[in-house]
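J.: Before we start, here is the structure in question, set down as structure tokens.
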Protein chains: 2
Amino acid sequence: MCLLSFSPHSTTVMALSENAKVPPPYYAVIFVSQRTPGDNGYGDASARMVAMVKDQPGFIGMESARGADGKGITVAFFETEDAIREWGRVAEHRQVQTDGRATWYEHYEIYYSRVDRVRSWTKRVSD
Amino acid sequence: MCLLSFSPHSTTVMALSENAKVPPPYYAVIFVSQRTPGDNGYGDASARMVAMVKDQPGFIGMESARGADGKGITVAFFETEDAIREWGRVAEHRQVQTDGRATWYEHYEIYYSRVDRVRSWTKRVSD
């Protein structure tokens with residue numbers, strides 16, 4: 001039973017599997033969050049952040065998934081830790097973080113990590 | 001529009017935010033996957049793996065989310081890289097990986113990473 005009202009969605013922006021030009025090591029920001037019910041401007045702000053981060057120097061790509069219960073995970077990949085810090089300093093990004101704590105999230109955890117190895121698999125037509 | 005048939009779900013097993021006893025650095029396996037339509041035994045196998053990994057030495061916790069479109073992200077946290085390797089050698093786990101490629105997944109990517117820093121935030125009642 002789902003008591004909340006969400007639009008489950010997922011976003012792939014330049015998935016790393018399509019971007020073999022960037023070998024590890026690189027850096028991943030793992031954002032695990034629980035949304036509050038309702039949209040309340042979240043969709044527009046989220047789309048704006050995705051558009052902005054794509055232009056951020058050192059940004060590689062991101063993956064995102066959110067279930068019908070509002071639990072979501074977004075992983076954003078960057079070439080360097082400096083690139084992550086710079087993105088964290090962008091004024092509009094900081095404002096959205098503030099709005100997120102005020103309105104959109106019940107809780108979140110952010111894991112700053114370094115990716116050392118990647119494996120990828122795709123079903124072949126003959127499988 | 002959702003052309004596929006899924007049960008969007010998310011799983012939290014001993015979320016790290018509840019487990020302050022494990023300070024970084026530790027290791028994260030980020031599993032990004034696209035499910036094929038239908039369950040086909042996936043739910044049972046997934047529940048079995050969650051139960052098994054909780055008993056694996058060095059396992060810390062995991063987070064998981066999957067959208068209605070079948071795109072999912074699971075992050076499993078381990079104390080050491082050896083613990084990840086040992087979990088990878090478990091026979092039933094290996095069989096489930098084989099089944100996953102044959103039946104449950106269109107594609108997946110696995111990012112092996114080291115977590116160096118964690119931030120966590122929870123809404124206060126007064127917020």
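Quick note on naming: the chains in the structure tokens go A, B, ... in the order shown, residues restart at 1 in each chain, and ligands are numbered from 1 in order of appearance.
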Residues of chain B within 10 Å of chain A, counting only C-alpha atoms, what are they? List them as a VMD selection string.
T.: chain B and resid 7 to 12 15 to 17 24 to 34 63 to 75 101 to 103 105 to 124 127
J.: Extract, using only C-alpha atoms, all DNA, RNA and protein residues at most 12 Å from Gly41 (chain B), discarding same-chain residues fewer than 6 positions from it, and format them as a list in words.
T.: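 The neighbour list is Ala47, Arg48, Val96, Asp99, Gly100, Thr103 and Trp104 of chain B.
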J.: Name the residues in contact with Met49 (chain A) at a cut-off of 12 Å, using only C-alpha atoms, excluding same-chain residues fewer than 6 positions from it; report them as a list of chain:residue names.
T.: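 Within the cut-off, the hits are A:Val13, A:Tyr42, A:Gly43, A:Asp55, A:Gln56, A:Met62, A:Ala76, A:Trp87, A:Gly88, A:Val90, A:Ala91, A:Glu92, A:His93, A:Arg94, A:Gln95, A:Val96, A:Gln97.
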J.: So how far away is CA of Gly38 (chain B) from CA of Val53 (chain B), in Å?
T.: 24.4 Å
